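Trainee: So here's structure_19.tsv (TSV, C-alpha atoms and all ligand atoms).
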chain	number	residue	atom	x	y	z
Y	1	PRO	CA	-14.45	-2.17	-50.91
Y	2	PHE	CA	-13.68	-5.78	-50.12
Y	3	GLU	CA	-15.84	-8.43	-48.61
Y	4	ALA	CA	-12.74	-9.87	-46.98
Y	5	LEU	CA	-9.38	-8.23	-46.37
Y	6	VAL	CA	-6.41	-10.18	-45.03
Y	7	ILE	CA	-3.61	-8.29	-43.29
Y	8	GLY	CA	-0.21	-10.02	-43.44
Y	9	GLY	CA	1.27	-12.26	-46.12
Y	10	GLY	CA	2.81	-15.12	-44.11
Y	11	PRO	CA	1.49	-18.70	-44.17
Y	12	ALA	CA	-1.61	-17.74	-42.15
Y	13	GLY	CA	-2.54	-14.79	-44.37
Y	14	ALA	CA	-1.81	-16.67	-47.60
Y	15	ALA	CA	-4.02	-19.58	-46.53
Y	16	ALA	CA	-6.82	-17.24	-45.44
Y	17	SER	CA	-6.81	-15.30	-48.71
Y	18	ILE	CA	-6.94	-18.48	-50.82
Y	19	TYR	CA	-9.80	-19.97	-48.79
Y	20	LEU	CA	-11.78	-16.71	-49.04
Y	21	ALA	CA	-11.20	-16.28	-52.77
Y	22	ARG	CA	-12.35	-19.87	-53.32
Y	23	LYS	CA	-15.68	-18.89	-51.75
Y	24	GLY	CA	-16.09	-16.27	-54.48
Y	25	PHE	CA	-15.64	-13.29	-52.17
Y	26	ARG	CA	-13.97	-10.09	-53.31
Y	27	THR	CA	-10.76	-10.63	-51.37
Y	28	GLY	CA	-7.70	-8.50	-50.77
Y	29	ILE	CA	-4.42	-9.14	-48.99
Y	30	ALA	CA	-2.33	-6.28	-47.63
Y	31	ALA	CA	1.23	-7.38	-46.95
Y	32	ASP	CA	4.76	-6.08	-46.65
Y	33	ARG	CA	5.91	-9.27	-48.39
Y	34	ILE	CA	4.47	-12.66	-49.27
Y	35	GLY	CA	6.04	-15.39	-47.14
Y	36	GLY	CA	6.50	-13.69	-43.79
Y	37	GLN	CA	9.00	-15.39	-41.49
Y	38	VAL	CA	9.27	-18.24	-43.97
Y	39	LEU	CA	11.45	-15.93	-46.05
Y	40	ASP	CA	13.94	-15.80	-43.17
Y	41	THR	CA	14.14	-19.58	-42.90
Y	42	MET	CA	16.50	-21.94	-44.67
Y	43	GLY	CA	15.79	-25.65	-44.35
Y	44	ILE	CA	12.24	-26.70	-43.43
Y	45	GLU	CA	11.83	-30.37	-42.49
Y	46	ASN	CA	8.49	-30.34	-40.66
Y	47	PHE	CA	6.19	-29.10	-43.42
Y	48	ILE	CA	4.23	-32.32	-43.43
Y	49	ALA	CA	4.19	-34.29	-46.70
Y	50	THR	CA	7.29	-32.40	-47.85
Y	51	SER	CA	10.45	-34.04	-46.48
Y	52	TYR	CA	12.59	-31.00	-47.17
Y	53	THR	CA	12.06	-27.54	-48.56
Y	54	GLU	CA	13.61	-24.12	-48.15
Y	55	GLY	CA	12.01	-20.89	-47.00
Y	56	PRO	CA	12.39	-18.86	-50.19
Y	57	LYS	CA	11.02	-21.77	-52.25
Y	58	LEU	CA	7.96	-22.21	-50.02
Y	59	ALA	CA	7.38	-18.42	-50.06
Y	60	ALA	CA	7.46	-18.44	-53.88
Y	61	GLN	CA	4.90	-21.27	-53.83
Y	62	LEU	CA	2.64	-19.22	-51.54
Y	63	ASP	CA	2.96	-16.32	-53.96
Y	64	ALA	CA	2.11	-18.52	-56.96
Y	65	HIS	CA	-0.85	-20.12	-55.20
Y	66	ILE	CA	-2.27	-16.66	-54.34
Y	67	ALA	CA	-1.78	-15.63	-57.99
Y	68	ASP	CA	-3.97	-18.56	-59.11
Y	69	TYR	CA	-6.98	-16.69	-57.70
Y	70	ASP	CA	-8.60	-13.33	-58.17
Y	71	ILE	CA	-7.03	-11.83	-55.04
Y	72	ASP	CA	-6.09	-8.14	-54.90
Y	73	VAL	CA	-2.53	-8.13	-53.58
Y	74	LEU	CA	-1.71	-4.77	-51.98
Y	75	LYS	CA	2.08	-4.89	-51.61
Y	76	PRO	CA	4.41	-3.68	-50.21
Y	77	VAL	CA	2.25	-2.02	-47.58
Y	78	ARG	CA	1.72	-2.22	-43.86
Y	79	ALA	CA	-1.55	-1.68	-42.08
Y	80	ALA	CA	-1.20	1.30	-39.76
Y	81	LYS	CA	-4.65	1.79	-38.23
Y	82	LEU	CA	-7.86	-0.17	-37.70
Y	83	THR	CA	-11.28	1.43	-37.27
Y	84	PRO	CA	-13.79	-1.36	-36.60
Y	85	ALA	CA	-17.32	-1.29	-38.01
Y	86	THR	CA	-19.89	0.36	-35.78
Y	87	GLU	CA	-22.74	-1.97	-36.83
Y	88	LEU	CA	-23.01	-5.72	-37.40
Y	89	GLY	CA	-22.33	-6.39	-41.08
Y	90	GLY	CA	-20.81	-2.93	-41.53
Y	91	TYR	CA	-17.46	-1.99	-43.03
Y	92	HIS	CA	-14.19	-1.94	-41.11
Y	93	THR	CA	-11.60	0.59	-42.25
Y	94	VAL	CA	-7.89	-0.18	-42.42
Y	95	GLU	CA	-5.50	2.67	-43.05
Y	96	LEU	CA	-2.29	1.66	-44.81
Y	97	ASP	CA	1.12	3.24	-44.31
Y	98	ASN	CA	0.91	4.71	-47.84
Y	99	GLY	CA	-2.10	6.74	-46.69
Y	100	ALA	CA	-4.74	4.65	-48.51
Y	101	GLN	CA	-7.92	3.67	-46.64
Y	102	VAL	CA	-9.29	0.24	-47.42
Y	103	LYS	CA	-12.76	-0.93	-46.40
Y	104	ALA	CA	-13.86	-4.51	-45.87
Y	105	ARG	CA	-16.82	-6.26	-44.28
Y	106	SER	CA	-14.60	-8.88	-42.70
Y	107	LEU	CA	-10.95	-8.84	-41.71
Y	108	ILE	CA	-8.40	-11.56	-41.06
Y	109	LEU	CA	-5.51	-10.23	-38.99
Y	110	ALA	CA	-2.39	-12.32	-39.65
Y	111	THR	CA	0.54	-10.02	-39.00
Y	112	GLY	CA	2.67	-12.70	-37.34
Y	113	ALA	CA	5.43	-12.20	-34.83
Y	114	ARG	CA	9.14	-11.62	-34.58
Y	115	TRP	CA	11.73	-13.27	-32.32
Y	116	ARG	CA	13.46	-10.92	-29.91
Y	117	SER	CA	17.14	-11.05	-30.70
Y	118	LEU	CA	20.14	-10.69	-28.39
Y	119	GLY	CA	21.73	-7.97	-30.48
Y	120	VAL	CA	25.27	-9.27	-29.88
Y	121	PRO	CA	28.07	-9.56	-32.45
Y	122	GLY	CA	27.84	-12.76	-34.50
Y	123	GLU	CA	24.13	-13.37	-33.92
Y	124	ALA	CA	22.82	-11.95	-37.20
Y	125	GLU	CA	25.87	-13.11	-39.15
Y	126	TYR	CA	25.37	-16.74	-38.14
Y	127	GLN	CA	21.56	-16.90	-38.33
Y	128	ASN	CA	20.66	-20.21	-40.05
Y	129	LYS	CA	24.36	-21.14	-39.67
Y	130	GLY	CA	24.08	-22.28	-36.07
Y	131	VAL	CA	22.01	-19.46	-34.57
Y	132	ALA	CA	18.39	-20.62	-34.36
Y	133	TYR	CA	15.16	-19.48	-32.75
Y	134	CYS	CA	12.89	-22.51	-33.08
Y	135	PRO	CA	13.78	-25.80	-31.34
Y	136	HIS	CA	10.81	-27.63	-32.92
Y	137	CYS	CA	12.17	-26.63	-36.32
Y	138	ASP	CA	15.92	-26.87	-35.98
Y	139	GLY	CA	16.55	-29.12	-32.96
Y	140	PRO	CA	17.12	-32.30	-35.01
Y	141	LEU	CA	19.79	-30.51	-37.08
Y	142	PHE	CA	21.97	-30.55	-33.95
Y	143	LYS	CA	21.61	-34.25	-33.14
Y	144	GLY	CA	24.55	-35.30	-30.96
Y	145	LYS	CA	26.10	-31.80	-31.04
Y	146	ARG	CA	26.64	-29.11	-28.39
Y	147	VAL	CA	24.22	-26.21	-28.14
Y	148	ALA	CA	23.35	-23.32	-25.87
Y	149	VAL	CA	19.88	-22.04	-25.08
Y	150	ILE	CA	19.75	-18.36	-24.17
Y	151	GLY	CA	16.90	-17.53	-21.80
Y	152	GLY	CA	15.65	-19.19	-18.62
Y	153	GLY	CA	11.94	-18.43	-18.92
Y	154	ASN	CA	9.39	-21.11	-19.76
Y	155	SER	CA	10.22	-21.13	-23.48
Y	156	GLY	CA	13.98	-21.33	-22.86
Y	157	VAL	CA	13.72	-24.13	-20.31
Y	158	GLU	CA	11.20	-26.03	-22.47
Y	159	ALA	CA	13.60	-25.68	-25.40
Y	160	ALA	CA	16.50	-26.93	-23.27
Y	161	ILE	CA	14.49	-29.99	-22.16
Y	162	ASP	CA	13.46	-30.68	-25.75
Y	163	LEU	CA	17.05	-30.32	-27.00
Y	164	ALA	CA	18.58	-32.36	-24.15
Y	165	ASN	CA	16.74	-35.37	-25.60
Y	166	ILE	CA	18.22	-34.82	-29.04
Y	167	VAL	CA	21.60	-33.09	-28.87
Y	168	GLY	CA	24.80	-34.10	-27.10
Y	169	HIS	CA	25.03	-31.27	-24.60
Y	170	VAL	CA	23.00	-28.18	-23.63
Y	171	THR	CA	24.23	-25.08	-21.81
Y	172	LEU	CA	21.32	-22.95	-20.61
Y	173	ILE	CA	22.28	-19.31	-20.10
Y	174	GLU	CA	20.12	-16.95	-18.02
Y	175	PHE	CA	20.89	-13.26	-17.56
Y	176	ASP	CA	19.09	-13.02	-14.20
Y	177	THR	CA	20.35	-14.59	-10.97
Y	178	GLN	CA	17.69	-17.30	-11.23
Y	179	LEU	CA	15.60	-19.10	-13.81
Y	180	ARG	CA	12.08	-17.74	-14.27
Y	181	ALA	CA	10.50	-20.92	-15.66
Y	182	ASP	CA	7.87	-22.89	-13.72
Y	183	GLN	CA	9.46	-25.01	-10.97
Y	184	VAL	CA	8.28	-28.29	-12.53
Y	185	LEU	CA	10.18	-27.41	-15.73
Y	186	GLN	CA	13.29	-26.40	-13.78
Y	187	ASP	CA	13.21	-29.72	-11.90
Y	188	LYS	CA	12.83	-31.62	-15.16
Y	189	LEU	CA	15.75	-29.73	-16.70
Y	190	ARG	CA	18.01	-30.41	-13.70
Y	191	SER	CA	17.30	-34.15	-14.06
Y	192	PHE	CA	19.32	-34.31	-17.31
Y	193	ALA	CA	22.99	-35.29	-17.03
Y	194	ASN	CA	23.91	-33.47	-20.26
Y	195	VAL	CA	22.71	-30.00	-19.20
Y	196	ASP	CA	24.68	-27.16	-17.58
Y	197	ILE	CA	22.86	-24.13	-16.23
Y	198	LEU	CA	24.59	-20.74	-16.00
Y	199	THR	CA	22.78	-17.93	-14.20
Y	200	ASN	CA	23.71	-14.25	-13.82
Y	201	ALA	CA	25.41	-14.77	-17.17
Y	202	GLN	CA	25.33	-12.30	-20.04
Y	203	THR	CA	25.92	-13.58	-23.56
Y	204	THR	CA	28.25	-11.09	-25.23
Y	205	GLN	CA	29.17	-12.70	-28.54
Y	206	VAL	CA	28.48	-15.61	-30.88
Y	207	THR	CA	31.67	-16.75	-32.53
Y	208	GLY	CA	32.21	-18.72	-35.72
Y	209	ASP	CA	34.71	-19.81	-38.32
Y	210	GLY	CA	33.20	-17.58	-41.01
Y	211	ASP	CA	30.96	-20.41	-42.15
Y	212	LYS	CA	29.23	-21.64	-39.03
Y	213	VAL	CA	29.01	-21.15	-35.27
Y	214	ASN	CA	31.83	-22.54	-33.13
Y	215	GLY	CA	31.27	-20.93	-29.76
Y	216	LEU	CA	29.75	-18.36	-27.50
Y	217	VAL	CA	31.28	-15.81	-25.15
Y	218	TRP	CA	29.54	-15.00	-21.87
Y	219	LYS	CA	30.26	-12.69	-18.99
Y	220	ASP	CA	29.81	-13.61	-15.34
Y	221	ARG	CA	27.78	-10.59	-14.18
Y	222	ALA	CA	29.04	-10.98	-10.59
Y	223	SER	CA	32.78	-11.12	-11.28
Y	224	GLY	CA	32.83	-9.40	-14.69
Y	225	GLU	CA	34.97	-12.23	-16.06
Y	226	GLU	CA	34.39	-13.57	-19.57
Y	227	ALA	CA	34.42	-17.23	-20.57
Y	228	THR	CA	33.92	-19.17	-23.78
Y	229	VAL	CA	31.78	-22.24	-24.47
Y	230	ALA	CA	32.67	-24.32	-27.54
Y	231	LEU	CA	29.51	-25.41	-29.35
Y	232	GLU	CA	27.77	-25.82	-32.70
Y	233	GLY	CA	24.39	-24.19	-32.06
Y	234	VAL	CA	22.80	-21.29	-30.18
Y	235	PHE	CA	19.03	-21.19	-29.61
Y	236	VAL	CA	17.82	-17.71	-28.67
Y	237	GLN	CA	14.68	-17.94	-26.50
Y	238	ILE	CA	14.18	-14.49	-25.05
Y	239	GLY	CA	10.73	-13.76	-26.41
Y	240	LEU	CA	8.44	-13.75	-29.41
Y	241	ILE	CA	6.81	-10.37	-30.03
Y	242	PRO	CA	3.47	-10.28	-31.88
Y	243	ASN	CA	3.29	-7.64	-34.64
Y	244	THR	CA	0.19	-6.08	-33.12
Y	245	GLU	CA	1.40	-2.66	-31.94
Y	246	TRP	CA	-0.88	-1.08	-34.56
Y	247	LEU	CA	-3.93	-2.78	-33.03
Y	248	LYS	CA	-3.65	-1.27	-29.54
Y	249	ASP	CA	-6.51	1.00	-28.43
Y	250	THR	CA	-8.86	-0.11	-31.22
Y	251	GLY	CA	-11.25	-2.06	-29.00
Y	252	LEU	CA	-9.65	-5.36	-30.08
Y	253	ASP	CA	-8.83	-7.65	-27.15
Y	254	LEU	CA	-5.10	-8.35	-26.82
Y	255	THR	CA	-3.28	-10.20	-24.03
Y	256	LYS	CA	-0.69	-8.35	-21.94
Y	257	PHE	CA	1.91	-9.82	-24.32
Y	258	GLY	CA	0.12	-8.27	-27.31
Y	259	GLU	CA	-1.32	-11.50	-28.71
Y	260	ILE	CA	-4.75	-11.18	-30.37
Y	261	LYS	CA	-7.28	-13.16	-28.33
Y	262	VAL	CA	-9.14	-15.63	-30.54
Y	263	ASP	CA	-11.64	-18.39	-29.83
Y	264	GLU	CA	-11.56	-21.89	-31.35
Y	265	ARG	CA	-12.99	-20.46	-34.60
Y	266	GLY	CA	-10.42	-17.71	-34.95
Y	267	ALA	CA	-12.96	-15.04	-33.97
Y	268	THR	CA	-11.84	-11.98	-32.01
Y	269	ASN	CA	-14.09	-9.96	-29.70
Y	270	LEU	CA	-15.02	-7.67	-32.64
Y	271	PRO	CA	-17.78	-9.01	-34.92
Y	272	GLY	CA	-16.42	-9.68	-38.42
Y	273	VAL	CA	-12.79	-9.45	-37.29
Y	274	PHE	CA	-10.87	-12.74	-37.25
Y	275	ALA	CA	-7.21	-13.52	-36.63
Y	276	ALA	CA	-4.77	-16.36	-37.24
Y	277	GLY	CA	-1.18	-17.47	-36.86
Y	278	ASP	CA	1.72	-16.27	-34.72
Y	279	ALA	CA	-0.01	-12.96	-33.88
Y	280	THR	CA	-2.71	-14.76	-31.88
Y	281	THR	CA	-3.11	-16.64	-28.62
Y	282	VAL	CA	-3.07	-20.00	-30.44
Y	283	PRO	CA	-0.15	-21.94	-28.96
Y	284	TYR	CA	2.83	-23.35	-30.90
Y	285	LYS	CA	4.12	-21.05	-33.61
Y	286	GLN	CA	4.65	-23.20	-36.69
Y	287	ILE	CA	4.01	-23.02	-40.44
Y	288	VAL	CA	1.48	-25.87	-40.61
Y	289	ILE	CA	-0.36	-24.47	-37.61
Y	290	ALA	CA	-0.45	-20.95	-39.09
Y	291	MET	CA	-1.82	-22.33	-42.38
Y	292	GLY	CA	-4.48	-24.35	-40.57
Y	293	GLU	CA	-5.49	-21.39	-38.43
Y	294	GLY	CA	-5.60	-19.07	-41.46
Y	295	SER	CA	-7.90	-21.50	-43.27
Y	296	LYS	CA	-10.09	-21.81	-40.19
Y	297	ALA	CA	-10.37	-18.04	-39.71
Y	298	ALA	CA	-11.32	-17.69	-43.40
Y	299	LEU	CA	-14.12	-20.24	-43.05
Y	300	SER	CA	-15.35	-18.38	-39.97
Y	301	ALA	CA	-15.33	-15.14	-41.98
Y	302	PHE	CA	-17.37	-16.94	-44.66
Y	303	ASP	CA	-19.90	-17.94	-41.99
Y	304	TYR	CA	-20.07	-14.36	-40.77
Y	305	LEU	CA	-20.50	-12.88	-44.25
Y	306	ILE	CA	-23.36	-15.16	-45.25
Y	307	ARG	CA	-25.20	-14.53	-41.98
Y	308	ASN	CA	-24.88	-10.74	-41.85
Y	309	GLU	CA	-26.20	-8.54	-44.63
Y	310	PRO	CA	-24.09	-5.55	-45.65
Y	311	VAL	CA	-25.11	-2.28	-44.01
Y	401	LIG	P1	4.48	-14.48	-40.30
Y	401	LIG	O1	5.18	-15.54	-41.05
Y	401	LIG	O2	5.20	-13.72	-39.24
Y	401	LIG	O3	3.91	-13.45	-41.40
Y	401	LIG	C1	3.30	-12.25	-41.05
Y	401	LIG	C2	3.65	-11.20	-42.07
Y	401	LIG	O4	2.90	-10.01	-41.81
Y	401	LIG	C3	5.11	-10.77	-42.04
Y	401	LIG	O5	5.62	-10.62	-43.33
Y	401	LIG	C4	5.05	-9.44	-41.30
Y	401	LIG	O6	6.15	-8.59	-41.58
Y	401	LIG	C5	3.76	-8.89	-41.85
Y	401	LIG	N1	3.23	-7.76	-41.08
Y	401	LIG	C6	3.49	-7.43	-39.80
Y	401	LIG	N2	2.82	-6.31	-39.46
Y	401	LIG	C7	2.12	-5.95	-40.56
Y	401	LIG	C8	1.23	-4.87	-40.84
Y	401	LIG	N3	0.91	-3.94	-39.91
Y	401	LIG	N4	0.68	-4.79	-42.08
Y	401	LIG	C9	0.96	-5.72	-43.03
Y	401	LIG	N5	1.81	-6.76	-42.83
Y	401	LIG	C10	2.37	-6.87	-41.60
Y	401	LIG	N6	8.05	-23.03	-38.62
Y	401	LIG	C11	7.96	-24.30	-39.03
Y	401	LIG	O7	6.87	-24.86	-39.02
Y	401	LIG	N7	9.08	-24.96	-39.49
Y	401	LIG	C12	10.31	-24.38	-39.55
Y	401	LIG	O8	11.30	-25.01	-39.95
Y	401	LIG	C13	10.43	-23.03	-39.12
Y	401	LIG	N8	11.63	-22.41	-39.12
Y	401	LIG	C14	11.69	-21.10	-38.76
Y	401	LIG	C15	12.93	-20.46	-38.84
Y	401	LIG	C16	13.04	-19.11	-38.53
Y	401	LIG	C17	14.39	-18.44	-38.66
Y	401	LIG	C18	11.88	-18.39	-38.11
Y	401	LIG	C19	11.98	-16.91	-37.79
Y	401	LIG	C20	10.65	-19.04	-37.99
Y	401	LIG	C21	10.54	-20.39	-38.32
Y	401	LIG	N9	9.33	-21.08	-38.21
Y	401	LIG	C22	9.24	-22.37	-38.65
Y	401	LIG	C23	8.10	-20.43	-37.69
Y	401	LIG	C24	7.17	-20.02	-38.83
Y	401	LIG	O9	7.91	-19.30	-39.81
Y	401	LIG	C25	6.02	-19.18	-38.31
Y	401	LIG	O10	5.31	-19.89	-37.30
Y	401	LIG	C26	5.03	-18.80	-39.40
Y	401	LIG	O11	5.68	-18.11	-40.46
Y	401	LIG	C27	3.91	-17.92	-38.86
Y	401	LIG	O12	3.07	-17.53	-39.90
Y	401	LIG	P2	2.17	-16.23	-39.81
Y	401	LIG	O13	1.50	-16.11	-41.14
Y	401	LIG	O14	1.33	-16.27	-38.60
Y	401	LIG	O15	3.16	-15.00	-39.56
Using structure tokens, write down the structure that the file contains.

Mentor:
Amino acid sequence: PFEALVIGGGPAGAAASIYLARKGFRTGIAADRIGGQVLDTMGIENFIATSYTEGPKLAAQLDAHIADYDIDVLKPVRAAKLTPATELGGYHTVELDNGAQVKARSLILATGARWRSLGVPGEAEYQNKGVAYCPHCDGPLFKGKRVAVIGGGNSGVEAAIDLANIVGHVTLIEFDTQLRADQVLQDKLRSFANVDILTNAQTTQVTGDGDKVNGLVWKDRASGEEATVALEGVFVQIGLIPNTEWLKDTGLDLTKFGEIKVDERGATNLPGVFAAGDATTVPYKQIVIAMGEGSKAALSAFDYLIRNEPV
């Protein structure tokens, strides 16, 4: 059995496992892969103190840093079921998808999230070649260029406002007949001269020249007619889904969106169970934030372990 078990091998989980191992705890990390979403990223320009790096390189560095410590890496596995401890200081049980049952006195849940995709032709093909999901990450790559934002909820309209300050032109495309974002955000967006808003519009294809994105095809849902927008970038903002399906009905508090509720110390409602990164309620889903939150949750687990004797 472990004193601390981390679930998920992205930046949050990697940071948590290193912090815990450095406290001398018997630490494990159960992960499908080390790196998480970072492995799906190309250029990274906002990993502070590193002007430029690439996802696979940063993921390899996470892997190497974990290997510096006595951390049991259980990989490739996915956690399938959580049975929380029944007493303070007791063991939680995590069942893995290979059938193994792992016990630990404290847990750090760091299973991250995934962007909801449009599922239209061209989207997957041109990911990192014009199709992007994170305006904070990739907005500056499109300085002065033309982009579309798909999705008229708060995240889509916030992204469009953010991008309107940086890029040449933004077309916001909403499937519904109206935007769903807060009115104050809609008003702000409409104040930009370089923004067009299309509603009742279904994106049907992302087009490219084989190398990078050059346009987008959308259908007017009222008339059924299709039109093309020439552009260099497409930001898909139709939802970020936490990887927490396996945590439903365990007694762990989740929001209606499936995010794990944590306090300012990364503690959940279950004693000895902590969480960090994109899977939680902590706002702004970024690498540096996930690493900071993972470190914080690990220090909170340390506090818990030294205050509660094993039972
Ligand atoms: P994740 O990175 O999502 O890692 C969680 C891991 O846990 C994943 O491997 C997941 O598959 C795994 N997992 C899920 N369920 C289970 C389970 N049941 N059992 C075991 N493992 C499980 N951020 C930046 O700061 N800068 C950028 O430039 C940037 N660019 C990005 C580009 C793209 C294309 C994407 C998708 C994201 C980008 N981000 C960027 C966001 C950043 O990658 C995330 O905020 C960060 O990786 C979150 O870290 P995390 O550890 O919380 O979760």

Trainee: Distance table requested - range 215-249 of chain Y against range 115-137 of chain Y, cut-off 8 Å, all atoms listed in the file: one row per qualifying residue with the closest atom pair and its distance in Å to one decimal, ordered by chain and rising residue number, as CSV.

Mentor:
residue,atom,partner,partner_atom,distance
Y:Glu232,CA,Y:Gly130,CA,6.1
Y:Gly233,CA,Y:Gly130,CA,4.5
Y:Val234,CA,Y:Val131,CA,4.8
Y:Phe235,CA,Y:Ala132,CA,4.8
Y:Val236,CA,Y:Tyr133,CA,5.2
Y:Gln237,CA,Y:Tyr133,CA,6.5
Y:Ile238,CA,Y:Arg116,CA,6.1
Y:Gly239,CA,Y:Arg116,CA,5.3
Y:Leu240,CA,Y:Trp115,CA,4.4
Y:Ile241,CA,Y:Trp115,CA,6.2

Trainee: Enter the distance from atom O4 of ligand LIG 401 (chain Y) to CA of Leu20 in chain Y, in Å, rounded to one decimal.

Mentor: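 If I compute the distance from atom O4 of ligand LIG 401 (chain Y) to CA of Leu20 in chain Y, I get 17.7 Å.
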
Trainee: Could you pull the residues within 10 Å of Ala290 in chain Y, counting all atoms listed in the file, minus those fewer than 5 positions along the same chain, as a PyMOL selection string?

Mentor: chain Y and resi 10-16+110+112+276-280+282+284-285+295-296

Trainee: Smallest atom-to-atom distance to Leu198 in chain Y: which of Y:Trp218, Y:Tyr69, Y:Phe2, Y:Phe302, using only C-alpha atoms?

Mentor: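 Closest residue, counting only C-alpha atoms: Y:Trp218.
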
Trainee: Leaving out Leu305 in chain Y and any residue of its chain fewer than 3 positions from it, which residues lie within 9 Å of it when counting all atoms listed in the file, given as a ChimeraX atom specification?

Mentor: /Y:3-4,89,105-106,272,300-302,308-310

Trainee: Which residue, Y:Thr244, Y:Thr268, Y:Gln205, Y:Ser155, has the smallest gap to ligand LIG 401 (chain Y) when you use all atoms listed in the file?

Mentor: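 Distance minimum relative to ligand LIG 401 (chain Y) lands on Y:Thr244.
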
Trainee: Report, in Å to a single decimal, how far apart CA of Leu179 in chain Y and CA of Thr203 in chain Y are.

Mentor: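 Here the two named atoms are 15.2 Å from each other.
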
Trainee: Report as AutoDock Vina command-line options the centre and the edge lengths, in Å to one decimal, of the axis-aligned box holding every listed atom of ligand LIG 401 (chain Y), padded by 3 Å on each side.

Mentor:
--center_x 7.5 --center_y -14.5 --center_z -40.3 --size_x 19.7 --size_y 27.1 --size_z 12.0

Trainee: What is the distance, in Å and to one decimal place, between atom C9 of ligand LIG 401 (chain Y) and CA of Arg307 in chain Y?

Mentor: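 Going from atom C9 of ligand LIG 401 (chain Y) over to CA of Arg307 in chain Y, I get 27.6 Å.
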
Trainee: For ligand LIG 401 (chain Y), which residue among Y:Glu45, Y:Asp63, Y:Asp211, Y:Asp187 is the nearest when counting all atoms listed in the file?

Mentor: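 For ligand LIG 401 (chain Y), the nearest of the given residues is Y:Glu45.
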
Trainee: Between Y:Thr228, Y:Gln286, Y:Gln61, Y:Asn269, single out the one closest to ligand LIG 401 (chain Y), counting only C-alpha atoms and all ligand atoms.

Mentor: Y:Gln286

Trainee: Point out the residue among Y:Lys261, Y:Arg78, Y:Lys103, Y:Lys57 with the least atom-to-atom distance to ligand LIG 401 (chain Y), counting only C-alpha atoms and all ligand atoms.

Mentor: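 Of all the options, Y:Arg78 lies closest to ligand LIG 401 (chain Y).
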
Trainee: Take the point (22.6, -31.5, -25.6) as written in the file and pick out every residue within 12 Å of it, counting only C-alpha atoms; give the list as an NGL selection string.

Mentor: :Y and (135 or 139-149 or 159-172 or 189 or 192-197 or 231-235)

Trainee: Find, counting all atoms listed in the file, the residue in Y:Leu82, Y:Leu74, Y:Ile34, Y:Ala49 that gets nearest to Val288 in chain Y.

Mentor: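 Nearest candidate to Val288 in chain Y out of Y:Leu82, Y:Leu74, Y:Ile34, Y:Ala49: Y:Ala49.
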
Trainee: Counting all atoms listed in the file, find the residues whose atoms lie at most 8 Å from (-9.9, -23.7, -34.6) (file coordinates) and write them out as a list of chain:residue names.

Mentor: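 Nearby residues: Y:Asp263, Y:Glu264, Y:Arg265, Y:Gly266, Y:Glu293, Y:Lys296, Y:Ala297.
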
Trainee: If we count all atoms listed in the file, what is near Lys81 in chain Y at a cut-off of 8 Å, once residues fewer than 2 positions away on the same chain are taken out, given as a list in words?

Mentor: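 The neighbour list is Ala79, Thr83, Val94, Glu95, Leu96, Trp246 and Leu247 of chain Y.
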
Trainee: Do you know which residues are at most 7 Å from Val229 in chain Y counting only C-alpha atoms, after dropping those on the same chain fewer than 3 positions away, and could you put them as JSON, numbers by chain?

Mentor: {"Y": [215, 216, 217]}
